[in-house]
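Undergrad: Data: model.tsv, TSV, N, CA and C atoms.
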```
chain	number	residue	atom	x	y	z
Y	159	MET	N	0.85	-1.18	0.00
Y	159	MET	CA	0.00	0.00	0.00
Y	159	MET	C	0.89	1.24	0.00
Y	160	ARG	N	0.59	2.17	-0.86
Y	160	ARG	CA	1.32	3.44	-0.93
Y	160	ARG	C	0.91	4.31	0.24
Y	161	LYS	N	1.92	4.91	0.89
Y	161	LYS	CA	1.64	5.76	2.05
Y	161	LYS	C	1.81	7.23	1.70
Y	162	ILE	N	0.87	8.01	2.18
Y	162	ILE	CA	0.87	9.45	1.96
Y	162	ILE	C	0.86	10.14	3.32
Y	163	LEU	N	1.64	11.20	3.42
Y	163	LEU	CA	1.68	12.03	4.61
Y	163	LEU	C	1.13	13.40	4.23
Y	164	ILE	N	0.09	13.83	4.93
Y	164	ILE	CA	-0.54	15.13	4.67
Y	164	ILE	C	-0.16	16.09	5.78
Y	165	ALA	N	0.41	17.24	5.39
Y	165	ALA	CA	0.76	18.29	6.36
Y	165	ALA	C	-0.06	19.54	6.05
Y	166	ASP	N	-0.97	19.88	6.95
Y	166	ASP	CA	-1.79	21.08	6.79
Y	166	ASP	C	-2.30	21.48	8.17
Y	167	ASP	N	-2.35	22.77	8.44
Y	167	ASP	CA	-2.82	23.22	9.74
Y	167	ASP	C	-4.34	23.23	9.85
Y	168	ASP	N	-5.04	23.00	8.77
Y	168	ASP	CA	-6.51	22.92	8.76
Y	168	ASP	C	-6.92	21.47	9.00
Y	169	GLY	N	-7.34	21.19	10.24
Y	169	GLY	CA	-7.71	19.83	10.62
Y	169	GLY	C	-8.85	19.26	9.78
Y	170	GLY	N	-9.80	20.10	9.42
Y	170	GLY	CA	-10.92	19.64	8.60
Y	170	GLY	C	-10.46	19.18	7.23
Y	171	LEU	N	-9.57	19.94	6.62
Y	171	LEU	CA	-9.04	19.57	5.31
Y	171	LEU	C	-8.19	18.30	5.41
Y	172	ARG	N	-7.35	18.24	6.44
Y	172	ARG	CA	-6.52	17.03	6.64
Y	172	ARG	C	-7.40	15.79	6.70
Y	173	ASN	N	-8.45	15.85	7.51
Y	173	ASN	CA	-9.31	14.69	7.68
Y	173	ASN	C	-10.11	14.37	6.43
Y	174	ALA	N	-10.56	15.39	5.71
Y	174	ALA	CA	-11.30	15.15	4.46
Y	174	ALA	C	-10.40	14.48	3.42
Y	175	LEU	N	-9.17	14.97	3.30
Y	175	LEU	CA	-8.24	14.35	2.35
Y	175	LEU	C	-7.90	12.92	2.77
Y	176	LYS	N	-7.73	12.72	4.07
Y	176	LYS	CA	-7.43	11.37	4.59
Y	176	LYS	C	-8.54	10.39	4.20
Y	177	LEU	N	-9.79	10.78	4.45
Y	177	LEU	CA	-10.92	9.90	4.11
Y	177	LEU	C	-10.97	9.60	2.62
Y	178	ALA	N	-10.80	10.63	1.80
Y	178	ALA	CA	-10.87	10.45	0.35
Y	178	ALA	C	-9.72	9.57	-0.16
Y	179	LEU	N	-8.53	9.79	0.36
Y	179	LEU	CA	-7.39	9.00	-0.10
Y	179	LEU	C	-7.48	7.56	0.39
Y	180	GLU	N	-7.91	7.35	1.63
Y	180	GLU	CA	-8.08	5.99	2.13
Y	180	GLU	C	-9.13	5.24	1.33
Y	181	ALA	N	-10.19	5.93	0.93
Y	181	ALA	CA	-11.24	5.31	0.11
Y	181	ALA	C	-10.69	4.89	-1.25
Y	182	ASN	N	-9.57	5.48	-1.65
Y	182	ASN	CA	-8.94	5.14	-2.93
Y	182	ASN	C	-7.72	4.25	-2.76
Y	183	GLY	N	-7.59	3.65	-1.58
Y	183	GLY	CA	-6.57	2.63	-1.38
Y	183	GLY	C	-5.23	3.08	-0.84
Y	184	TYR	N	-5.11	4.31	-0.42
Y	184	TYR	CA	-3.86	4.81	0.12
Y	184	TYR	C	-3.84	4.70	1.64
Y	185	GLY	N	-2.66	4.52	2.22
Y	185	GLY	CA	-2.47	4.65	3.65
Y	185	GLY	C	-2.13	6.11	3.91
Y	186	VAL	N	-2.69	6.70	4.96
Y	186	VAL	CA	-2.52	8.14	5.17
Y	186	VAL	C	-2.11	8.43	6.61
Y	187	GLN	N	-1.12	9.31	6.76
Y	187	GLN	CA	-0.71	9.84	8.05
Y	187	GLN	C	-0.94	11.35	8.02
Y	188	LEU	N	-1.11	11.95	9.18
Y	188	LEU	CA	-1.43	13.37	9.26
Y	188	LEU	C	-0.45	14.13	10.13
Y	189	ALA	N	-0.15	15.38	9.70
Y	189	ALA	CA	0.71	16.28	10.47
Y	189	ALA	C	0.11	17.68	10.40
Y	190	ALA	N	0.30	18.46	11.46
Y	190	ALA	CA	-0.25	19.81	11.52
Y	190	ALA	C	0.70	20.87	10.96
Y	191	ASN	N	1.97	20.51	10.74
Y	191	ASN	CA	2.93	21.47	10.17
Y	191	ASN	C	4.13	20.71	9.61
Y	192	GLY	N	5.05	21.45	9.00
Y	192	GLY	CA	6.20	20.84	8.36
Y	192	GLY	C	7.13	20.10	9.30
Y	193	GLY	N	7.34	20.65	10.49
Y	193	GLY	CA	8.21	19.99	11.47
Y	193	GLY	C	7.64	18.66	11.93
Y	194	GLU	N	6.34	18.65	12.16
Y	194	GLU	CA	5.68	17.40	12.57
Y	194	GLU	C	5.76	16.38	11.43
Y	195	ALA	N	5.61	16.84	10.20
Y	195	ALA	CA	5.70	15.95	9.04
Y	195	ALA	C	7.08	15.30	8.96
Y	196	LEU	N	8.12	16.08	9.17
Y	196	LEU	CA	9.48	15.53	9.14
Y	196	LEU	C	9.70	14.52	10.26
Y	197	SER	N	9.16	14.81	11.44
Y	197	SER	CA	9.28	13.89	12.56
Y	197	SER	C	8.58	12.56	12.25
Y	198	ILE	N	7.39	12.64	11.71
Y	198	ILE	CA	6.65	11.42	11.34
Y	198	ILE	C	7.40	10.66	10.25
Y	199	GLN	N	7.92	11.38	9.27
Y	199	GLN	CA	8.64	10.74	8.16
Y	199	GLN	C	9.87	9.98	8.65
Y	200	ARG	N	10.54	10.51	9.64
Y	200	ARG	CA	11.72	9.83	10.17
Y	200	ARG	C	11.36	8.51	10.85
Y	201	LYS	N	10.17	8.45	11.45
Y	201	LYS	CA	9.74	7.25	12.16
Y	201	LYS	C	9.06	6.23	11.26
Y	202	ASP	N	8.27	6.70	10.31
Y	202	ASP	CA	7.47	5.81	9.46
Y	202	ASP	C	7.33	6.45	8.08
Y	203	PRO	N	8.34	6.28	7.22
Y	203	PRO	CA	8.38	6.99	5.95
Y	203	PRO	C	7.18	6.76	5.04
Y	204	ALA	N	6.74	7.86	4.46
Y	204	ALA	CA	5.68	7.83	3.46
Y	204	ALA	C	6.31	7.97	2.07
Y	205	ASP	N	5.57	7.57	1.05
Y	205	ASP	CA	6.04	7.69	-0.32
Y	205	ASP	C	5.85	9.10	-0.86
Y	206	VAL	N	4.78	9.76	-0.37
Y	206	VAL	CA	4.41	11.08	-0.88
Y	206	VAL	C	4.07	12.00	0.29
Y	207	LEU	N	4.58	13.23	0.22
Y	207	LEU	CA	4.18	14.28	1.14
Y	207	LEU	C	3.25	15.22	0.38
Y	208	ILE	N	2.07	15.46	0.94
Y	208	ILE	CA	1.17	16.50	0.43
Y	208	ILE	C	1.17	17.58	1.50
Y	209	THR	N	1.67	18.76	1.15
Y	209	THR	CA	1.83	19.80	2.16
Y	209	THR	C	1.27	21.15	1.73
Y	210	ASP	N	0.69	21.82	2.70
Y	210	ASP	CA	0.31	23.22	2.53
Y	210	ASP	C	1.59	24.04	2.62
Y	211	ILE	N	1.54	25.28	2.15
Y	211	ILE	CA	2.71	26.15	2.29
Y	211	ILE	C	2.66	26.92	3.59
Y	212	PHE	N	1.52	27.54	3.86
Y	212	PHE	CA	1.43	28.44	5.01
Y	212	PHE	C	0.85	27.73	6.22
Y	213	MET	N	1.73	27.42	7.19
Y	213	MET	CA	1.34	26.77	8.42
Y	213	MET	C	2.14	27.40	9.56
Y	214	PRO	N	1.57	27.44	10.76
Y	214	PRO	CA	2.32	28.00	11.89
Y	214	PRO	C	3.46	27.07	12.31
Y	215	ASP	N	4.43	27.62	12.96
Y	215	ASP	CA	5.58	26.92	13.54
Y	215	ASP	C	6.59	26.45	12.49
Y	216	SER	N	6.18	25.68	11.53
Y	216	SER	CA	7.09	25.15	10.51
Y	216	SER	C	6.30	25.03	9.22
Y	217	ASP	N	6.65	25.83	8.23
Y	217	ASP	CA	5.83	25.90	7.02
Y	217	ASP	C	6.20	24.85	5.97
Y	218	GLY	N	5.50	24.92	4.84
Y	218	GLY	CA	5.72	23.97	3.77
Y	218	GLY	C	7.09	24.07	3.13
Y	219	PHE	N	7.65	25.28	3.08
Y	219	PHE	CA	8.99	25.42	2.51
Y	219	PHE	C	10.02	24.68	3.35
Y	220	GLU	N	9.87	24.74	4.67
Y	220	GLU	CA	10.77	23.98	5.55
Y	220	GLU	C	10.59	22.48	5.34
Y	221	ALA	N	9.36	22.06	5.13
Y	221	ALA	CA	9.10	20.64	4.88
Y	221	ALA	C	9.74	20.21	3.56
Y	222	ILE	N	9.57	21.01	2.52
Y	222	ILE	CA	10.16	20.67	1.22
Y	222	ILE	C	11.68	20.54	1.37
Y	223	ASP	N	12.29	21.53	1.99
Y	223	ASP	CA	13.74	21.52	2.18
Y	223	ASP	C	14.18	20.29	2.97
Y	224	GLY	N	13.51	20.01	4.07
Y	224	GLY	CA	13.86	18.86	4.90
Y	224	GLY	C	13.68	17.54	4.18
Y	225	PHE	N	12.59	17.41	3.44
Y	225	PHE	CA	12.34	16.17	2.71
Y	225	PHE	C	13.36	15.98	1.60
Y	226	ARG	N	13.68	17.05	0.88
Y	226	ARG	CA	14.64	16.93	-0.22
Y	226	ARG	C	16.02	16.54	0.30
Y	227	LYS	N	16.39	17.02	1.48
Y	227	LYS	CA	17.70	16.69	2.05
Y	227	LYS	C	17.73	15.28	2.64
Y	228	ALA	N	16.73	14.94	3.45
Y	228	ALA	CA	16.74	13.67	4.19
Y	228	ALA	C	16.04	12.53	3.46
Y	229	PHE	N	15.09	12.83	2.60
Y	229	PHE	CA	14.30	11.80	1.92
Y	229	PHE	C	14.16	12.15	0.44
Y	230	PRO	N	15.27	12.13	-0.30
Y	230	PRO	CA	15.24	12.59	-1.69
Y	230	PRO	C	14.34	11.76	-2.60
Y	231	GLY	N	14.02	10.54	-2.22
Y	231	GLY	CA	13.16	9.70	-3.05
Y	231	GLY	C	11.67	9.96	-2.86
Y	232	ALA	N	11.31	10.66	-1.80
Y	232	ALA	CA	9.89	10.95	-1.55
Y	232	ALA	C	9.40	11.96	-2.57
Y	233	ARG	N	8.16	11.80	-2.99
Y	233	ARG	CA	7.53	12.76	-3.89
Y	233	ARG	C	6.82	13.81	-3.05
Y	234	ILE	N	6.75	15.03	-3.58
Y	234	ILE	CA	6.14	16.13	-2.83
Y	234	ILE	C	5.10	16.84	-3.69
Y	235	VAL	N	3.89	16.95	-3.12
Y	235	VAL	CA	2.82	17.72	-3.75
Y	235	VAL	C	2.52	18.88	-2.81
Y	236	VAL	N	2.59	20.09	-3.35
Y	236	VAL	CA	2.35	21.29	-2.55
Y	236	VAL	C	1.00	21.86	-2.92
Y	237	MET	N	0.26	22.30	-1.90
Y	237	MET	CA	-1.05	22.91	-2.13
Y	237	MET	C	-1.11	24.21	-1.36
Y	238	SER	N	-1.78	25.19	-1.95
Y	238	SER	CA	-1.95	26.46	-1.25
Y	238	SER	C	-3.11	27.24	-1.83
Y	239	GLY	N	-3.81	27.93	-0.96
Y	239	GLY	CA	-4.87	28.82	-1.39
Y	239	GLY	C	-4.39	30.26	-1.46
Y	240	ASP	N	-3.19	30.50	-0.95
Y	240	ASP	CA	-2.61	31.85	-0.91
Y	240	ASP	C	-1.42	31.93	-1.85
Y	241	ALA	N	-1.62	31.55	-3.09
Y	241	ALA	CA	-0.50	31.42	-4.04
Y	241	ALA	C	0.21	32.73	-4.32
Y	242	LYS	N	-0.45	33.87	-4.15
Y	242	LYS	CA	0.20	35.14	-4.46
Y	242	LYS	C	0.33	36.04	-3.24
Y	243	LYS	N	0.29	35.46	-2.07
Y	243	LYS	CA	0.40	36.22	-0.83
Y	243	LYS	C	1.70	37.04	-0.83
Y	244	ALA	N	1.61	38.26	-0.35
Y	244	ALA	CA	2.76	39.16	-0.23
Y	244	ALA	C	3.50	39.32	-1.55
Y	245	LYS	N	2.74	39.33	-2.64
Y	245	LYS	CA	3.28	39.53	-3.99
Y	245	LYS	C	4.25	38.45	-4.42
Y	246	GLY	N	4.29	37.34	-3.72
Y	246	GLY	CA	5.19	36.25	-4.08
Y	246	GLY	C	4.48	35.21	-4.90
Y	247	GLU	N	5.22	34.48	-5.67
Y	247	GLU	CA	4.68	33.36	-6.43
Y	247	GLU	C	5.07	32.08	-5.70
Y	248	TYR	N	4.37	31.81	-4.60
Y	248	TYR	CA	4.79	30.75	-3.71
Y	248	TYR	C	4.68	29.34	-4.30
Y	249	LEU	N	3.67	29.07	-5.10
Y	249	LEU	CA	3.59	27.74	-5.71
Y	249	LEU	C	4.73	27.55	-6.70
Y	250	SER	N	5.07	28.59	-7.44
Y	250	SER	CA	6.21	28.52	-8.36
Y	250	SER	C	7.51	28.31	-7.58
Y	251	ALA	N	7.64	29.01	-6.47
Y	251	ALA	CA	8.84	28.85	-5.63
Y	251	ALA	C	8.93	27.43	-5.10
Y	252	ALA	N	7.80	26.86	-4.71
Y	252	ALA	CA	7.79	25.48	-4.21
Y	252	ALA	C	8.26	24.51	-5.30
Y	253	ALA	N	7.82	24.75	-6.52
Y	253	ALA	CA	8.26	23.90	-7.63
Y	253	ALA	C	9.77	24.03	-7.83
Y	254	LEU	N	10.28	25.24	-7.75
Y	254	LEU	CA	11.72	25.45	-7.90
Y	254	LEU	C	12.52	24.80	-6.77
Y	255	MET	N	11.91	24.68	-5.60
Y	255	MET	CA	12.58	24.04	-4.46
Y	255	MET	C	12.56	22.52	-4.55
Y	256	GLY	N	11.81	21.98	-5.49
Y	256	GLY	CA	11.81	20.53	-5.65
Y	256	GLY	C	10.47	19.85	-5.50
Y	257	ALA	N	9.39	20.61	-5.38
Y	257	ALA	CA	8.07	19.97	-5.33
Y	257	ALA	C	7.81	19.31	-6.69
Y	258	ASP	N	7.24	18.13	-6.66
Y	258	ASP	CA	6.95	17.40	-7.89
Y	258	ASP	C	5.67	17.88	-8.55
Y	259	ALA	N	4.77	18.46	-7.77
Y	259	ALA	CA	3.50	18.97	-8.30
Y	259	ALA	C	2.97	20.04	-7.36
Y	260	VAL	N	2.19	20.95	-7.90
Y	260	VAL	CA	1.56	21.99	-7.10
Y	260	VAL	C	0.07	22.05	-7.43
Y	261	LEU	N	-0.73	22.30	-6.40
Y	261	LEU	CA	-2.18	22.41	-6.56
Y	261	LEU	C	-2.66	23.68	-5.86
Y	262	LYS	N	-3.48	24.45	-6.55
Y	262	LYS	CA	-4.06	25.64	-5.95
Y	262	LYS	C	-5.39	25.26	-5.30
Y	263	LYS	N	-5.53	25.58	-4.02
Y	263	LYS	CA	-6.78	25.34	-3.30
Y	263	LYS	C	-7.82	26.37	-3.75
Y	264	PRO	N	-9.06	26.01	-3.80
Y	264	PRO	CA	-9.60	24.66	-3.60
Y	264	PRO	C	-9.41	23.82	-4.87
Y	265	PHE	N	-9.33	22.52	-4.70
Y	265	PHE	CA	-9.22	21.60	-5.83
Y	265	PHE	C	-10.14	20.41	-5.58
Y	266	GLN	N	-10.50	19.74	-6.65
Y	266	GLN	CA	-11.33	18.55	-6.56
Y	266	GLN	C	-10.46	17.36	-6.18
Y	267	ILE	N	-11.00	16.40	-5.45
Y	267	ILE	CA	-10.23	15.22	-5.06
Y	267	ILE	C	-9.74	14.48	-6.30
Y	268	GLU	N	-10.53	14.49	-7.36
Y	268	GLU	CA	-10.10	13.82	-8.59
Y	268	GLU	C	-8.83	14.45	-9.14
Y	269	THR	N	-8.69	15.76	-8.99
Y	269	THR	CA	-7.46	16.44	-9.43
Y	269	THR	C	-6.26	15.93	-8.63
Y	270	LEU	N	-6.45	15.77	-7.33
Y	270	LEU	CA	-5.38	15.23	-6.50
Y	270	LEU	C	-5.06	13.79	-6.90
Y	271	LEU	N	-6.08	12.98	-7.12
Y	271	LEU	CA	-5.85	11.59	-7.53
Y	271	LEU	C	-5.13	11.52	-8.86
Y	272	GLN	N	-5.50	12.36	-9.80
Y	272	GLN	CA	-4.80	12.40	-11.10
Y	272	GLN	C	-3.34	12.82	-10.91
Y	273	THR	N	-3.11	13.76	-10.03
Y	273	THR	CA	-1.75	14.21	-9.75
Y	273	THR	C	-0.92	13.06	-9.18
Y	274	LEU	N	-1.49	12.34	-8.23
Y	274	LEU	CA	-0.78	11.20	-7.64
Y	274	LEU	C	-0.49	10.13	-8.69
Y	275	ARG	N	-1.48	9.86	-9.56
Y	275	ARG	CA	-1.26	8.87	-10.64
Y	275	ARG	C	-0.15	9.33	-11.57
Y	276	SER	N	-0.11	10.63	-11.86
Y	276	SER	CA	0.93	11.14	-12.77
Y	276	SER	C	2.32	11.00	-12.16
Y	277	LEU	N	2.39	10.92	-10.84
Y	277	LEU	CA	3.67	10.72	-10.14
Y	277	LEU	C	4.00	9.24	-9.93
Y	278	GLY	N	3.13	8.38	-10.43
Y	278	GLY	CA	3.35	6.94	-10.31
Y	278	GLY	C	2.73	6.31	-9.08
Y	279	PHE	N	1.78	7.01	-8.48
Y	279	PHE	CA	1.11	6.50	-7.29
Y	279	PHE	C	-0.36	6.38	-7.55
```
Would you write the structure of this file as structure tokens?
TA:
Amino acid sequence: MRKILIADDDGGLRNALKLALEANGYGVQLAANGGEALSIQRKDPADVLITDIFMPDSDGFEAIDGFRKAFPGARIVVMSGDAKKAKGEYLSAAALMGADAVLKKPFQIETLLQTLRSLGF
């Protein structure tokens, strides 16, 4: 079973994605921020990280950086609803940092599933 780790500070979104992904045959773990995601990954590695960019304590950029350094084989999907916050192109920056795919919130679960399939999952 392919394992996915979801990092987002929105508990409702985390749980909704978990239910949808489990219904499609994935194993899912949850984290509230990038630091927690890295901690979970060290203990029980996932194949794919799906992370928000803007989270308190440890954001998605820190997660991308940490995953690329410590877990270079893991795939990373970045999602954000604030893609142009503070005049920055944060989804583009995430791609440049090594994200394998980016999704602008809100998105349909089918879009996420297609993204995962395109990454070989």
Undergrad: Nearest to Y:Val260 among Y:Val206, Y:Leu179, Y:Ala189, Y:Val236, with distances taken over all atoms listed in the file: which residue is it?
TA: Y:Val236
Undergrad: Stretch 162-265 of chain Y: which residues are helix (DSSP H, G or I) by DSSP, as a PyMOL selection string?
TA: chain Y and resi 169-181+192-201+218-228+243-245+248-255
Undergrad: Report the distance between atom CA of Y:Gly218 and atom CA of Y:Asn173 in Å, rounded to one decimal place.
TA: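 Those two atoms sit 18.1 Å apart.
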Undergrad: Taking into account only C-alpha atoms, which residue in the set Y:Ile162, Y:Met213, Y:Leu261, Y:Ile208 is nearest to Y:Gln187?
TA: Y:Ile162
Undergrad: Calculated over all atoms listed in the file, which of the candidates Y:Glu268, Y:Asp210, Y:Glu194, Y:Asp168 has the smallest distance to Y:Ser238?
TA: Y:Asp210
Undergrad: Starting from the point (-0.7, 18.0, 4.4), work out which residues of protein, DNA or RNA have an atom no more than 7 Å away when counting only C-alpha atoms; state them as an MDAnalysis selection string.
TA: chainID Y and resid 163:166 172 188:189 207:210
Undergrad: Tell me which of Y:Gly278, Y:Gly193, Y:Arg233, Y:Ile198 sits closest to Y:Ala221, counting all atoms listed in the file.
TA: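 Smallest separation from Y:Ala221 among the options: Y:Gly193.
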Undergrad: Just to confirm, what's the straight-line distance from atom CA of Y:Val235 to atom CA of Y:Asp215 in Å (one decimal)?
TA: 19.8 Å
Undergrad: So, with all atoms listed in the file as the atoms that count, which of Y:Ala174, Y:Leu196, Y:Leu271, Y:Ile211 lies closest to Y:Gly239?
TA: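 Of Y:Ala174, Y:Leu196, Y:Leu271, Y:Ile211, the one nearest Y:Gly239 is Y:Ile211, counting all atoms listed in the file.
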Undergrad: Just how far from atom CA of Y:Pro230 is atom CA of Y:Thr269, in Å to one decimal?
TA: 24.3 Å
Undergrad: Extending 5 Å beyond the listed atoms of stretch 210-224 of chain Y on each side, what axis-aligned box results? I want centre and edge lengths in Å to one decimal, as JSON.
TA:
```
{"center_x": 7.2, "center_y": 23.0, "center_z": 7.4, "size_x": 23.9, "size_y": 20.9, "size_z": 22.3}
```
Undergrad: Please run DSSP on the backbone and report, as a list of chain:residue names, all residues within stretch 192-272 of chain Y that come out as strand (DSSP E).
TA: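 Result set for stretch 192-272 of chain Y (strand (DSSP E)): Y:Val206, Y:Leu207, Y:Ile208, Y:Thr209, Y:Asp210, Y:Arg233, Y:Ile234, Y:Val235, Y:Val236, Y:Met237, Y:Ser238, Y:Ala259, Y:Val260, Y:Leu261, Y:Lys262.
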